[in-house]
Every structure is written in C-alpha cells, then in structure tokens.
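entry.pdb, holding PDB, C-alpha atoms:
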MODEL        1
ATOM      1  CA  MET A 105     -18.124  18.331  -3.601  1.00  0.00           C
ATOM      2  CA  ILE A 106     -17.567  15.206  -5.705  1.00  0.00           C
ATOM      3  CA  ALA A 107     -15.559  13.588  -2.893  1.00  0.00           C
ATOM      4  CA  SER A 108     -18.342  14.135  -0.370  1.00  0.00           C
ATOM      5  CA  VAL A 109     -20.891  12.608  -2.763  1.00  0.00           C
ATOM      6  CA  LEU A 110     -18.631   9.602  -3.325  1.00  0.00           C
ATOM      7  CA  LEU A 111     -18.054   9.148   0.397  1.00  0.00           C
ATOM      8  CA  ALA A 112     -21.774   9.404   1.094  1.00  0.00           C
ATOM      9  CA  GLY A 113     -22.344   6.800  -1.603  1.00  0.00           C
ATOM     10  CA  ALA A 114     -19.724   4.509  -0.066  1.00  0.00           C
ATOM     11  CA  VAL A 115     -21.565   4.576   3.256  1.00  0.00           C
ATOM     12  CA  TRP A 116     -24.801   3.768   1.450  1.00  0.00           C
ATOM     13  CA  LEU A 117     -23.112   0.874  -0.359  1.00  0.00           C
ATOM     14  CA  THR A 118     -21.820  -0.680   2.869  1.00  0.00           C
ATOM     15  CA  PRO A 119     -24.142  -3.651   3.458  1.00  0.00           C
ATOM     16  CA  ASN A 120     -25.781  -4.115   6.837  1.00  0.00           C
ATOM     17  CA  ALA A 121     -26.415  -7.508   8.453  1.00  0.00           C
ATOM     18  CA  GLU A 122     -29.913  -7.732   7.004  1.00  0.00           C
ATOM     19  CA  ARG A 123     -28.637  -7.092   3.474  1.00  0.00           C
ATOM     20  CA  VAL A 124     -25.808  -9.617   3.901  1.00  0.00           C
ATOM     21  CA  ALA A 125     -28.329 -12.256   5.036  1.00  0.00           C
ATOM     22  CA  ALA A 126     -30.517 -11.527   1.993  1.00  0.00           C
ATOM     23  CA  ILE A 127     -27.519 -11.853  -0.352  1.00  0.00           C
ATOM     24  CA  GLU A 128     -26.406 -15.112   1.308  1.00  0.00           C
ATOM     25  CA  LYS A 129     -29.789 -16.681   0.511  1.00  0.00           C
ATOM     26  CA  THR A 130     -29.180 -16.139  -3.221  1.00  0.00           C
ATOM     27  CA  LEU A 131     -25.725 -17.731  -3.298  1.00  0.00           C
ATOM     28  CA  PRO A 132     -25.196 -21.356  -4.335  1.00  0.00           C
ATOM     29  CA  GLU A 133     -23.947 -23.778  -1.697  1.00  0.00           C
ATOM     30  CA  LYS A 134     -20.754 -24.409  -3.644  1.00  0.00           C
ATOM     31  CA  PRO A 135     -19.062 -21.546  -5.524  1.00  0.00           C
ATOM     32  CA  ALA A 136     -18.773 -21.909  -9.275  1.00  0.00           C
ATOM     33  CA  THR A 137     -15.353 -21.938 -10.905  1.00  0.00           C
ATOM     34  CA  PRO A 138     -14.307 -21.547 -14.531  1.00  0.00           C
ATOM     35  CA  ALA A 139     -13.255 -25.186 -14.658  1.00  0.00           C
ATOM     36  CA  ALA A 140     -14.026 -28.450 -12.926  1.00  0.00           C
ATOM     37  CA  THR A 141     -12.076 -29.747  -9.950  1.00  0.00           C
ATOM     38  CA  ILE A 142      -9.483 -32.456 -10.561  1.00  0.00           C
ATOM     39  CA  THR A 143     -11.922 -35.184  -9.471  1.00  0.00           C
ATOM     40  CA  GLU A 144     -14.347 -34.351 -12.281  1.00  0.00           C
ATOM     41  CA  ARG A 145     -12.535 -36.584 -14.724  1.00  0.00           C
ATOM     42  CA  LEU A 146     -14.960 -36.423 -17.645  1.00  0.00           C
ATOM     43  CA  TYR A 147     -14.112 -32.720 -18.035  1.00  0.00           C
ATOM     44  CA  TRP A 148     -10.333 -33.101 -17.693  1.00  0.00           C
ATOM     45  CA  ASP A 149      -9.962 -36.374 -19.594  1.00  0.00           C
ATOM     46  CA  ARG A 150     -11.679 -34.833 -22.606  1.00  0.00           C
ATOM     47  CA  LEU A 151      -9.219 -31.905 -22.499  1.00  0.00           C
ATOM     48  CA  ALA A 152      -6.261 -34.226 -21.885  1.00  0.00           C
ATOM     49  CA  ALA A 153      -6.983 -36.052 -25.130  1.00  0.00           C
ATOM     50  CA  MET A 154      -6.651 -32.826 -27.133  1.00  0.00           C
ATOM     51  CA  PRO A 155      -3.273 -31.739 -28.557  1.00  0.00           C
ATOM     52  CA  GLU A 156      -3.394 -28.575 -26.420  1.00  0.00           C
ATOM     53  CA  GLY A 157      -3.841 -30.661 -23.279  1.00  0.00           C
ATOM     54  CA  LYS A 158      -0.865 -32.824 -24.174  1.00  0.00           C
ATOM     55  CA  GLY A 159       1.100 -29.627 -24.798  1.00  0.00           C
ATOM     56  CA  PHE A 160       0.434 -28.362 -21.266  1.00  0.00           C
ATOM     57  CA  VAL A 161       1.681 -31.631 -19.785  1.00  0.00           C
ATOM     58  CA  LYS A 162       4.893 -31.418 -21.857  1.00  0.00           C
ATOM     59  CA  ARG A 163       5.432 -27.791 -20.826  1.00  0.00           C
ATOM     60  CA  ALA A 164       4.892 -28.698 -17.167  1.00  0.00           C
ATOM     61  CA  ALA A 165       7.411 -31.542 -17.404  1.00  0.00           C
ATOM     62  CA  LYS A 166      10.007 -29.029 -18.639  1.00  0.00           C
ATOM     63  CA  ILE A 167       9.174 -26.678 -15.745  1.00  0.00           C
ATOM     64  CA  LEU A 168       9.983 -29.528 -13.330  1.00  0.00           C
ATOM     65  CA  GLU A 169      13.537 -29.495 -14.705  1.00  0.00           C
ATOM     66  CA  THR A 170      14.089 -25.832 -13.791  1.00  0.00           C
ATOM     67  CA  PRO A 171      14.291 -24.034 -10.447  1.00  0.00           C
ATOM     68  CA  ILE A 172      11.521 -21.722  -9.293  1.00  0.00           C
ATOM     69  CA  PRO A 173      12.441 -18.256 -10.562  1.00  0.00           C
ATOM     70  CA  ASP A 174      14.064 -16.099  -7.891  1.00  0.00           C
ATOM     71  CA  CYS A 175      12.450 -12.760  -7.000  1.00  0.00           C
ATOM     72  CA  PRO A 176      15.010 -11.137  -4.699  1.00  0.00           C
ATOM     73  CA  ASP A 177      14.524  -7.808  -2.941  1.00  0.00           C
ATOM     74  CA  GLU A 178      17.417  -6.294  -4.921  1.00  0.00           C
ATOM     75  CA  LEU A 179      15.511  -6.735  -8.186  1.00  0.00           C
ATOM     76  CA  TYR A 180      12.318  -5.322  -6.677  1.00  0.00           C
ATOM     77  CA  LEU A 181      14.171  -2.223  -5.485  1.00  0.00           C
ATOM     78  CA  GLU A 182      15.709  -1.555  -8.915  1.00  0.00           C
ATOM     79  CA  PHE A 183      12.588   0.291 -10.001  1.00  0.00           C
ATOM     80  CA  SER A 184      12.804   2.739  -7.103  1.00  0.00           C
ATOM     81  CA  ARG A 185      16.522   3.255  -7.799  1.00  0.00           C
ATOM     82  CA  ASN A 186      16.691   3.476 -11.588  1.00  0.00           C
ATOM     83  CA  GLY A 187      13.234   2.851 -13.064  1.00  0.00           C
ATOM     84  CA  ASN A 188      14.018  -0.680 -14.279  1.00  0.00           C
ATOM     85  CA  ARG A 189      10.943  -2.823 -13.818  1.00  0.00           C
ATOM     86  CA  ALA A 190      11.745  -5.606 -16.287  1.00  0.00           C
ATOM     87  CA  ASN A 191      14.419  -7.366 -14.213  1.00  0.00           C
ATOM     88  CA  TYR A 192      11.943  -8.099 -11.421  1.00  0.00           C
ATOM     89  CA  GLN A 193       8.803  -8.520 -13.475  1.00  0.00           C
ATOM     90  CA  LYS A 194      10.268 -11.270 -15.649  1.00  0.00           C
ATOM     91  CA  PRO A 195      10.706 -13.817 -12.805  1.00  0.00           C
ATOM     92  CA  TYR A 196       7.632 -12.412 -11.012  1.00  0.00           C
ATOM     93  CA  HIS A 197       5.384 -13.183 -13.980  1.00  0.00           C
ATOM     94  CA  LYS A 198       7.133 -16.493 -14.724  1.00  0.00           C
ATOM     95  CA  ARG A 199       6.352 -17.779 -11.213  1.00  0.00           C
ATOM     96  CA  ALA A 200       2.613 -17.313 -11.702  1.00  0.00           C
ATOM     97  CA  ALA A 201       2.665 -18.496 -15.320  1.00  0.00           C
ATOM     98  CA  ASP A 202       4.572 -21.662 -14.384  1.00  0.00           C
ATOM     99  CA  LEU A 203       2.119 -22.336 -11.563  1.00  0.00           C
ATOM    100  CA  GLY A 204      -0.757 -22.066 -14.027  1.00  0.00           C
ATOM    101  CA  VAL A 205       0.854 -24.537 -16.435  1.00  0.00           C
ATOM    102  CA  LEU A 206       1.665 -26.969 -13.613  1.00  0.00           C
ATOM    103  CA  LEU A 207      -1.862 -26.722 -12.242  1.00  0.00           C
ATOM    104  CA  LEU A 208      -3.458 -27.423 -15.604  1.00  0.00           C
ATOM    105  CA  ALA A 209      -1.045 -30.288 -16.284  1.00  0.00           C
ATOM    106  CA  GLU A 210      -1.810 -31.933 -12.940  1.00  0.00           C
ATOM    107  CA  CYS A 211      -5.549 -31.676 -13.566  1.00  0.00           C
ATOM    108  CA  LEU A 212      -5.094 -33.107 -17.058  1.00  0.00           C
ATOM    109  CA  GLU A 213      -2.746 -35.930 -16.088  1.00  0.00           C
ATOM    110  CA  ASN A 214      -4.081 -36.679 -12.567  1.00  0.00           C
ATOM    111  CA  LYS A 215      -1.050 -38.696 -11.443  1.00  0.00           C
ATOM    112  CA  GLY A 216       0.347 -36.485  -8.664  1.00  0.00           C
ATOM    113  CA  ARG A 217       3.533 -35.872 -10.635  1.00  0.00           C
ATOM    114  CA  PHE A 218       3.276 -32.080 -10.373  1.00  0.00           C
ATOM    115  CA  ILE A 219       1.827 -31.688  -6.848  1.00  0.00           C
ATOM    116  CA  GLU A 220       5.126 -31.231  -5.020  1.00  0.00           C
ATOM    117  CA  ARG A 221       6.270 -28.518  -7.418  1.00  0.00           C
ATOM    118  CA  ILE A 222       2.838 -26.851  -7.384  1.00  0.00           C
ATOM    119  CA  ALA A 223       3.023 -26.653  -3.590  1.00  0.00           C
ATOM    120  CA  ALA A 224       6.574 -25.274  -3.722  1.00  0.00           C
ATOM    121  CA  GLN A 225       5.552 -22.728  -6.359  1.00  0.00           C
ATOM    122  CA  MET A 226       2.544 -21.653  -4.274  1.00  0.00           C
ATOM    123  CA  GLU A 227       4.666 -21.270  -1.148  1.00  0.00           C
ATOM    124  CA  ALA A 228       7.285 -19.255  -3.054  1.00  0.00           C
ATOM    125  CA  ILE A 229       4.582 -16.834  -4.149  1.00  0.00           C
ATOM    126  CA  ALA A 230       3.097 -16.720  -0.645  1.00  0.00           C
ATOM    127  CA  ASP A 231       6.547 -15.867   0.736  1.00  0.00           C
ATOM    128  CA  GLU A 232       7.173 -12.961  -1.641  1.00  0.00           C
ATOM    129  CA  ARG A 233       7.765  -9.739   0.185  1.00  0.00           C
ATOM    130  CA  SER A 234       5.215  -7.984  -2.030  1.00  0.00           C
ATOM    131  CA  TRP A 235       2.678  -9.233  -4.534  1.00  0.00           C
ATOM    132  CA  THR A 236       2.367  -5.714  -5.938  1.00  0.00           C
ATOM    133  CA  MET A 237       4.677  -4.967  -8.852  1.00  0.00           C
ATOM    134  CA  PRO A 238       7.500  -2.498  -8.121  1.00  0.00           C
ATOM    135  CA  ALA A 239       6.236   0.069 -10.628  1.00  0.00           C
ATOM    136  CA  HIS A 240       2.967   0.194  -8.655  1.00  0.00           C
ATOM    137  CA  ASP A 241       4.760   0.597  -5.320  1.00  0.00           C
ATOM    138  CA  SER A 242       6.737   3.823  -5.746  1.00  0.00           C
ATOM    139  CA  SER A 243       6.478   4.616  -2.025  1.00  0.00           C
ATOM    140  CA  LEU A 244       7.619   1.050  -1.194  1.00  0.00           C
ATOM    141  CA  SER A 245       4.699   0.749   1.225  1.00  0.00           C
ATOM    142  CA  ASN A 246       3.900  -2.750  -0.060  1.00  0.00           C
ATOM    143  CA  PHE A 247       7.548  -3.757   0.002  1.00  0.00           C
ATOM    144  CA  ASN A 248       7.905  -2.482   3.588  1.00  0.00           C
ATOM    145  CA  GLY A 249       4.541  -3.876   4.674  1.00  0.00           C
ATOM    146  CA  THR A 250       3.227  -0.513   5.898  1.00  0.00           C
ATOM    147  CA  ARG A 251       0.304  -0.440   3.467  1.00  0.00           C
ATOM    148  CA  LEU A 252      -0.829  -3.163   1.104  1.00  0.00           C
ATOM    149  CA  THR A 253      -2.545  -2.405  -2.181  1.00  0.00           C
ATOM    150  CA  ILE A 254      -4.030  -4.533  -4.924  1.00  0.00           C
ATOM    151  CA  ASP A 255      -2.782  -4.183  -8.486  1.00  0.00           C
ATOM    152  CA  LEU A 256      -3.268  -6.434 -11.500  1.00  0.00           C
ATOM    153  CA  GLY A 257      -0.231  -8.499 -10.539  1.00  0.00           C
ATOM    154  CA  SER A 258      -1.393  -9.193  -6.989  1.00  0.00           C
ATOM    155  CA  ALA A 259      -4.928  -9.919  -8.201  1.00  0.00           C
ATOM    156  CA  HIS A 260      -3.566 -12.368 -10.787  1.00  0.00           C
ATOM    157  CA  ARG A 261      -1.484 -14.106  -8.118  1.00  0.00           C
ATOM    158  CA  ALA A 262      -4.557 -14.430  -5.931  1.00  0.00           C
ATOM    159  CA  LEU A 263      -6.549 -15.869  -8.836  1.00  0.00           C
ATOM    160  CA  VAL A 264      -3.995 -18.554  -9.728  1.00  0.00           C
ATOM    161  CA  LEU A 265      -3.517 -19.509  -6.071  1.00  0.00           C
ATOM    162  CA  ALA A 266      -7.277 -19.721  -5.521  1.00  0.00           C
ATOM    163  CA  TYR A 267      -7.665 -21.915  -8.611  1.00  0.00           C
ATOM    164  CA  ALA A 268      -4.989 -24.251  -7.285  1.00  0.00           C
ATOM    165  CA  LEU A 269      -6.665 -24.514  -3.880  1.00  0.00           C
ATOM    166  CA  ASN A 270     -10.048 -25.163  -5.455  1.00  0.00           C
ATOM    167  CA  TRP A 271      -9.162 -27.441  -8.343  1.00  0.00           C
ATOM    168  CA  LEU A 272      -6.800 -29.726  -6.429  1.00  0.00           C
ATOM    169  CA  GLU A 273      -9.361 -30.578  -3.730  1.00  0.00           C
ATOM    170  CA  GLY A 274      -7.291 -31.670  -0.762  1.00  0.00           C
ATOM    171  CA  ARG A 275      -4.278 -32.948  -2.697  1.00  0.00           C
ATOM    172  CA  LEU A 276      -1.994 -30.127  -1.548  1.00  0.00           C
ATOM    173  CA  PRO A 277      -0.039 -30.343   1.714  1.00  0.00           C
ATOM    174  CA  GLY A 278      -1.974 -28.863   4.631  1.00  0.00           C
ATOM    175  CA  LYS A 279       0.796 -26.379   5.468  1.00  0.00           C
ATOM    176  CA  THR A 280       0.695 -25.031   1.909  1.00  0.00           C
ATOM    177  CA  VAL A 281      -3.075 -24.594   2.034  1.00  0.00           C
ATOM    178  CA  VAL A 282      -2.925 -22.762   5.364  1.00  0.00           C
ATOM    179  CA  LYS A 283      -0.062 -20.495   4.290  1.00  0.00           C
ATOM    180  CA  VAL A 284      -1.709 -19.580   0.993  1.00  0.00           C
ATOM    181  CA  LYS A 285      -5.118 -18.917   2.579  1.00  0.00           C
ATOM    182  CA  VAL A 286      -3.522 -16.623   5.174  1.00  0.00           C
ATOM    183  CA  GLU A 287      -1.699 -14.661   2.464  1.00  0.00           C
ATOM    184  CA  LEU A 288      -4.748 -14.443   0.207  1.00  0.00           C
ATOM    185  CA  LYS A 289      -6.741 -13.005   3.080  1.00  0.00           C
ATOM    186  CA  ARG A 290      -4.018 -10.581   4.182  1.00  0.00           C
ATOM    187  CA  ARG A 291      -2.850  -9.391   0.769  1.00  0.00           C
ATOM    188  CA  VAL A 292      -6.102  -9.281  -1.199  1.00  0.00           C
ATOM    189  CA  PHE A 293      -9.395 -10.130   0.533  1.00  0.00           C
ATOM    190  CA  ASP A 294      -8.974  -7.952   3.655  1.00  0.00           C
ATOM    191  CA  ILE A 295      -7.775  -5.041   1.550  1.00  0.00           C
ATOM    192  CA  TYR A 296     -10.609  -5.370  -0.933  1.00  0.00           C
TER     193      TYR A 296
ENDMDL
END
Spit out the file's structure as structure tokens when you get a sec.
Amino acid sequence: MIASVLLAGAVWLTPNAERVAAIEKTLPEKPATPAATITERLYWDRLAAMPEGKGFVKRAAKILETPIPDCPDELYLEFSRNGNRANYQKPYHKRAADLGVLLLAECLENKGRFIERIAAQMEAIADERSWTMPAHDSSLSNFNGTRLTIDLGSAHRALVLAYALNWLEGRLPGKTVVKVKVELKRRVFDIY
C-alpha cells in the first residue's frame, strides 16, 4: 500500500513541460555558487591576505610535490573480498581533498601555478572506474558499470569537480572540461 502511494506521488511530482517553463522563469540567468569565480579578485584577494588563505597556498604547493594518489581496482575490490574499505577510501578521499586545496589555492594566488595539476587531478577522478565507494557497491554494479548509483562520495566528487569548472572560468584545458562534464552527466546528473 505504501509503495503504491509513493509511486503515485512520484508520477505527480514529475514536472510537465508547462511546469518546467514556469520554473525556468524564476531562475537567475547565471547560477549562484558558494564563492566567486577566479576573476572576481576583490573576493579572492581579501581571502588571500588572511593567514588561512596563505595556508591553503602552502598546502597546495606541497601537493604539487607528490603524485596523484592511486586508486587501483585491486584496492576497490578488497571490500567485496574481505570487508576492508580503508585501503581504497584513503586515496579516494585524498584525491578529492587535494583537488579542493589546489582549487582554492589557484583562486587565491591567481598565477596559473596549480592549473596543470588541477586538470590532472580532475581527469584522474573522471577516469575512476567507480565514484561510488566500495562499501556502497556490494553488488559491484557500479564497479562493473551495470548500474550506477549516487552515494555521498560520488556526490562530493561531483561537487568539487563542478566548483572547479565554475570557479576557473575557461582556464582549464578544453579536453578536461569536456571529459569532466561527460562524467558528471553520466555518473550523477542522469542518475539523479
């Protein structure tokens, strides 16, 4: 009974063309973001002058000295074999965290020093076999590409990648932008 009520509600919630047009009229021309784009220097220069801003730039410089963390299939499959999720999740989370630090540092510094690594980091994430964490993929459907699902990890990846695309306003290589947009659409937006 509850399932039929929920399904009926889902049909009711599906917007028709008229409703979509009405919603579009209320949306701003340019989407809002939680921070300014890199070209809005008053915002970023003020943050760059703060000790925390300088700290992000120092952290990003150290990231440049290290390789992008590896997220091999063998580590992903450990959870399905023996329940170990930590060995994969450590580099998985570090990739996104490093990208966030690099992105903030580039916006703060605005010299292009971090762009190449940001692009490489974004492409590494885009190339991952699954954005869903192994513990949330017990059937390995995400890993095998038979069914994609959204978990907190994949949503966080999408968020950081979208921030990078938005905040860096055309400073990323075109191939990186295309690759990331395709993966965002396939792994998160289409599913949602």
Handout entry: Expansion of the PyMOL selection byres ((chain A and resi 157-166) around 10) into residues, as number ranges by chain
Key = A: 148-156, 167-170, 202-213, 217-218, 221
Practice task
Please evaluate the PyMOL selection byres ((chain A and resi 252-262) around 8) against the structure above and give the resulting residues as an MDAnalysis selection string.
Solution key: chainID A and resid 200 229 235:237 240 245:246 249:251 263:266 288 291:292 295:296
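Closest approach to A:Asn248 from the set A:Ala139, A:Asp177, A:Glu133, A:Phe293 is made by A:Asp177, with distances taken over all atoms listed in the file.
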Handout entry: Point-to-point distance in Å for atom CA of A:Ala140 and atom CA of A:Asn214
Key = 12.9 Å
Exercise for the section: Measure the distance from atom CA of A:Lys285 to atom CA of A:Ala136 in Å and round it to one decimal. Expected result: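 These atoms are spaced 18.3 Å apart.
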Practice task
Determine the nearest neighbour of A:Ser234 from the options A:Tyr196, A:Val124, A:Val281, A:Asp294, counting only C-alpha atoms.
Solution key: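 Using only C-alpha atoms, the shortest distance to A:Ser234 belongs to A:Tyr196.
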Handout entry: Proximity to A:Trp271 - best of A:Arg290, A:Arg123, A:Arg145, A:Lys129, all atoms listed in the file
Key = A:Arg145
Fill in the blank from the handout: Min atom-atom distance to A:Tyr180 from the set A:Gly216, A:Pro138, A:Pro195, A:Pro238, counting only C-alpha atoms, belongs to A:Pro238
Practice task
Just give me the gap between atom CA of A:Glu273 and atom CA of A:Thr130 in Å, one decimal is fine.
Solution key: 24.5 Å
Exercise for the section: Have a look at A:Glu220, A:Ala239, A:Tyr267, A:Ala190 and name the one nearest to A:Thr280; count all atoms listed in the file. Expected result: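 Closest residue, counting all atoms listed in the file: A:Glu220.
In this comparison, which uses all atoms listed in the file, the residue of A:Ala121, A:Ala230, A:Ile172, A:Leu179 approaching A:Glu287 most closely is A:Ala230.
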Practice task
Compile the contact shell of A:Arg199 as JSON, numbers by chain: residues with an atom at most 9 Å away, counting all atoms listed in the file, same-chain residues fewer than 6 positions apart removed.
Solution key: {"A": [172, 173, 174, 175, 225, 226, 228, 229]}
